[in-house]
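The structure appears right after this line, and notes come after that.
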Amino acid sequence: MLCDLRGRPEDGAFADGRSRPGLERRCRDAELHAFGAGKEVRAAEVVGLLCCRPSMLAVTAELFRWSAATLDDAGSQRLSCRSVDRSAEINRASWDERAPAHAASPNYARQQFIDDPSFVSAVARFDVPLLGDVRGLRGVHLQCHIGTDTISLARHGATMTGVDFSPLSVAEARRLSDELRAGVEFVEADVYDAVAALGGRTFDLVFTGVGALCWLPSVSRWATVVAELLAPGGRLFLREGHPMLWSLDERHADALVVEYDYFERPEPMVFDEQGTYVETDVQFQTTVTHVWNHGLGEIVTALLDVGMELTGLVEHDSVPWEALPGQMEQTAEREWRLRDRPWRLPHSYTLQAVKRS
Ligand SMILES: C[S@@+](CC[C@H](N)C(=O)[O-])C[C@H]1O[C@@H](n2cnc3c(N)ncnc32)[C@H](O)[C@@H]1O
């Protein structure tokens with residue numbers, strides 16, 4: 001089976017059955033599947049066409065497995081679609097396992113929400129100068145996770161609904177909202193299904209970000225959902241990790257090395273990692289995730305294409321999580337910033353856009 005991949009320069013490193021140093025983390029599962037599943041030579045050929053880089057080998061391996069059962073003349077197209085659905089399943093399992101650990105972690109400050117009725121998350125505090133007064137607004141928070149930012153916006157005076165596709169995240173969000181009597185509604189749904197899941201309701205504010213867009217394969221589909229969720233005059237507030245930051249290899253502690261995609265690509269980048277971004281002793285069983293980057297121009301263009309008017313785009317020299325371990329220090333606002341010459345890198349950005357009609 002592997003000989004069908006041999007001869008492609010991009011995949012050649014795997015033809016002898018050995019992974020390259022540095023790619024092992026992402027390729028562990030791939031090797032298991034790729035070396036164990038091979039029966040159908042024709043399937044491998046299709047997979048070979050879909051696979052353009054070694055870092056995509058895990059995806060290829062998944063397709064490899066499916067292709068043995070489902071290949072037909074339209075095979076490559078169908079397999080490509082199925083990989084996206086499979087990505088959502090893989091990612092949901094990862095978030096479901098992490099949600100209770102996040103709720104228990106000091107980083108999400110659950111106890112501070114309970115102890116202090118005026119407490120809001122560090123993310124929501126950072127946002128205030130650009131977000132402005134949200135009192136009386138009907139807001140929806142896409143990919144709200146365990147609801148701490150959603151509840152923070154409710155504490156700022158908005159009427160909030162949170163949406164997330166991870167049932168365990170939604171359960172944690174509801175538990176906190178109930179305990180605080182925050183009156184926030186949480187809906188379990190994929191972002192791409194949010195319009196239907198919210199019954200066609202529209203909102204004054206769509207709030208999202210801080211590790212949200214990277215889980216979505218298509219930023220233009222996301223922009224369509226945002227526009228449909230907004231009432232005329234409604235506003236998108238997106239504060240997100242900068243795509244330039246996402247493209248850097250976090251395994252380097254002493255250099256900024258561009259390793260991952262900057263532009264959106266159909267295939268996910270596949271990571272296999274034990275940990276999470278908060279303090280916890282929990283050992284996670286689900287370690288594989290599928291993510292996508294979206295260039296800043298692609299995000300802006302996607303919003304313009306659905307008729308949104310860009311009203312603000314500010315790049316920040318800090319980000320809410322320790323994105324490059326070993327190279328960052330914490331700021332007074334509980335953000336993270338490069339210790340050495342932070343002005344070299346846009347760490348995050350705030351984008352605002354309005355639906356005019
Ligand atoms: C890093 S968290 C969001 C961050 C949020 N700002 C926070 O820190 O609480 C990412 C969230 O996106 C959710 N998510 C990922 N893909 C999704 C999708 N396709 N539809 C809805 N939610 C999704 C996950 O379940 C997770 O709760």
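Just so we're on the same page: first chain in the structure tokens is A, next is B, and so on; residues restart at 1 for each chain, and ligands are numbered from 1 in the order they show up.
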Give as a list in words the residues surrounding ligand 1 up to a distance of 6 Å, considering only C-alpha atoms and all ligand atoms.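 After applying the 6 Å limit, what remains is Arg92, Trp95, Gln143, Cys144, His145, Ile146, Asp164, Phe165, Ser166, Ser169, Ala189, Asp190, Val191, Gly209, Val210, Gly211, Ala212, Trp215 and Leu216 of chain A.
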Residues of range 293-341 of chain A that approach range 108-128 of chain A to 9 Å or less, counting only C-alpha atoms: could you list each one with the shortest pair of atoms and its distance in Å to one decimal, rows by chain and increasing residue number, as a Markdown table?
```
| residue | atom | partner | partner_atom | distance |
| --- | --- | --- | --- | --- |
| A:Pro320 | CA | A:Val123 | CA | 6.8 |
| A:Glu333 | CA | A:Ala122 | CA | 7.1 |
| A:Arg334 | CA | A:Ala122 | CA | 6.6 |
| A:Glu335 | CA | A:Ala122 | CA | 8.1 |
```
Resulting file, chosen residues, N, CA and C atoms, as a PDB file, in the first residue's frame:
```
ATOM      1  N   PRO A 320      -4.876  36.288  24.806  1.00  0.00           N
ATOM      2  CA  PRO A 320      -5.323  35.864  26.138  1.00  0.00           C
ATOM      3  C   PRO A 320      -4.719  34.560  26.669  1.00  0.00           C
ATOM      4  N   GLU A 333      -2.861  42.927  32.376  1.00  0.00           N
ATOM      5  CA  GLU A 333      -4.277  42.603  32.038  1.00  0.00           C
ATOM      6  C   GLU A 333      -4.505  41.102  31.940  1.00  0.00           C
ATOM      7  N   ARG A 334      -3.557  40.293  32.385  1.00  0.00           N
ATOM      8  CA  ARG A 334      -3.633  38.828  32.303  1.00  0.00           C
ATOM      9  C   ARG A 334      -3.647  38.344  30.851  1.00  0.00           C
ATOM     10  N   GLU A 335      -2.985  39.124  29.971  1.00  0.00           N
ATOM     11  CA  GLU A 335      -2.746  38.691  28.599  1.00  0.00           C
ATOM     12  C   GLU A 335      -1.319  38.142  28.517  1.00  0.00           C
TER      13      GLU A 335
END
```
Need to verify the contact set: Gly199 in chain A, 12 Å, only C-alpha atoms, exclusion of same-chain residues closer than 5 positions in sequence. Can you return it as a list in words?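 Result of the neighbour search: Val187, Ala189, Asp193, Ala194, Glu228 and Leu229 of chain A.
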For range 340-342 of chain A: contacts at 10 Å, only C-alpha atoms, fewer than 3 positions along chain excluded, given as a ChimeraX atom specification: /A:254,316-318,327-329,337,345-347
Give me, as JSON lines, the closest atom pair and its distance (Å, one decimal) for every residue of range 256-310 of chain A within a cut-off of 12 Å of range 85-91 of chain A, counting only C-alpha atoms, rows sorted by chain and rising number.
```
{"residue": "A:Pro266", "atom": "CA", "partner": "A:Ser87", "partner_atom": "CA", "distance": 11.7}
{"residue": "A:Glu267", "atom": "CA", "partner": "A:Ser87", "partner_atom": "CA", "distance": 9.8}
{"residue": "A:Pro268", "atom": "CA", "partner": "A:Ser87", "partner_atom": "CA", "distance": 7.9}
{"residue": "A:Met269", "atom": "CA", "partner": "A:Ser87", "partner_atom": "CA", "distance": 10.2}
{"residue": "A:Val270", "atom": "CA", "partner": "A:Ser87", "partner_atom": "CA", "distance": 9.3}
{"residue": "A:Phe271", "atom": "CA", "partner": "A:Asn91", "partner_atom": "CA", "distance": 10.7}
{"residue": "A:Asp272", "atom": "CA", "partner": "A:Ile90", "partner_atom": "CA", "distance": 11.2}
{"residue": "A:Thr286", "atom": "CA", "partner": "A:Ile90", "partner_atom": "CA", "distance": 8.4}
{"residue": "A:Thr287", "atom": "CA", "partner": "A:Ile90", "partner_atom": "CA", "distance": 9.2}
{"residue": "A:Val288", "atom": "CA", "partner": "A:Ile90", "partner_atom": "CA", "distance": 7.0}
{"residue": "A:Thr289", "atom": "CA", "partner": "A:Asn91", "partner_atom": "CA", "distance": 5.4}
{"residue": "A:His290", "atom": "CA", "partner": "A:Ser87", "partner_atom": "CA", "distance": 5.7}
{"residue": "A:Val291", "atom": "CA", "partner": "A:Ser87", "partner_atom": "CA", "distance": 8.3}
{"residue": "A:Trp292", "atom": "CA", "partner": "A:Ser87", "partner_atom": "CA", "distance": 10.6}
```
Given the selection you just returned, output its residues as a file containing N, CA and C atoms, formatted as a compact mmCIF listing (two decimals), in the first residue's frame.
```txt
# COMPACT_ATOMS: atom_id res chain seq x y z
N PRO A 266 -8.58 23.46 2.38
CA PRO A 266 -9.70 22.55 2.64
C PRO A 266 -9.38 21.49 3.67
N GLU A 267 -8.12 21.01 3.66
CA GLU A 267 -7.76 19.94 4.60
C GLU A 267 -7.43 20.54 5.95
N PRO A 268 -7.84 19.86 7.02
CA PRO A 268 -7.44 20.37 8.34
C PRO A 268 -5.96 20.10 8.62
N MET A 269 -5.42 20.88 9.53
CA MET A 269 -4.13 20.52 10.13
C MET A 269 -4.46 19.62 11.31
N VAL A 270 -3.77 18.52 11.43
CA VAL A 270 -4.10 17.53 12.45
C VAL A 270 -3.03 17.55 13.55
N PHE A 271 -3.48 17.75 14.77
CA PHE A 271 -2.55 17.79 15.90
C PHE A 271 -2.88 16.65 16.86
N ASP A 272 -1.86 16.15 17.50
CA ASP A 272 -2.05 15.11 18.50
C ASP A 272 -1.32 15.58 19.76
N THR A 286 -8.56 11.97 24.86
CA THR A 286 -8.73 12.43 23.47
C THR A 286 -7.64 13.47 23.19
N THR A 287 -6.81 13.18 22.23
CA THR A 287 -5.65 14.06 22.01
C THR A 287 -5.59 14.61 20.58
N VAL A 288 -6.37 14.05 19.68
CA VAL A 288 -6.30 14.50 18.27
C VAL A 288 -7.31 15.61 18.02
N THR A 289 -6.87 16.65 17.35
CA THR A 289 -7.79 17.73 16.94
C THR A 289 -7.51 18.10 15.49
N HIS A 290 -8.53 18.64 14.84
CA HIS A 290 -8.42 19.10 13.45
C HIS A 290 -8.68 20.61 13.44
N VAL A 291 -7.75 21.37 12.92
CA VAL A 291 -7.92 22.83 12.93
C VAL A 291 -7.57 23.43 11.56
N TRP A 292 -8.06 24.66 11.38
CA TRP A 292 -7.80 25.40 10.14
C TRP A 292 -7.38 26.82 10.50
```
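Comparing the minimum interatomic distances between Glu298 in chain A and each of A:Arg235, A:Arg221, A:Lys355, A:Arg339, counting only C-alpha atoms, we find that A:Arg221 sits nearest.
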Among range 46-294 of chain A, which ones does DSSP assign to strand (DSSP E or B) (computed from the backbone)? Answer as JSON, numbers by chain. {"A": [138, 139, 140, 141, 142, 159, 160, 161, 162, 163, 164, 185, 186, 187, 188, 203, 204, 205, 206, 207, 208, 209, 230, 231, 232, 233, 234, 235, 236, 237, 238, 239, 240, 241, 248, 258, 269, 270, 271, 272, 288, 289, 290, 291]}
Write out as a list in words all residues of range 146-200 of chain A that DSSP puts in alpha helix (DSSP H) for this structure's backbone.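 Filtering range 146-200 of chain A to alpha helix (DSSP H) leaves Thr148, Asp149, Thr150, Ile151, Ser152, Leu153, Ala154, Arg155, Pro167, Leu168, Ser169, Val170, Ala171, Glu172, Ala173, Arg174, Arg175, Leu176, Ser177, Asp178, Glu179, Leu180, Ala194, Val195, Ala196 and Ala197 of chain A.
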Have a look at CA of Glu259 in chain A and CA of Ser220 in chain A and let me know their distance in Å, one decimal.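 For CA of Glu259 in chain A relative to CA of Ser220 in chain A, the distance reads 24.0 Å.
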Among the residues A:Glu250, A:Met160, A:Ala223, A:Val282, the one that comes closest to His102 in chain A [using only C-alpha atoms]: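 When distances to His102 in chain A are compared using only C-alpha atoms, the smallest one comes from A:Val282.
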Would you please work out which residue, of A:Ser177, A:Thr224, A:Ser247, A:Ser218, is nearest to Glu264 in chain A when using only C-alpha atoms?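 That would be A:Ser218, the residue with the smallest distance to Glu264 in chain A.
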Which of these residues is nearest to Pro167 in chain A, using only C-alpha atoms: A:Gly183, A:Pro100, A:Pro129, A:Pro106?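 Of all the options, A:Pro100 lies closest to Pro167 in chain A.
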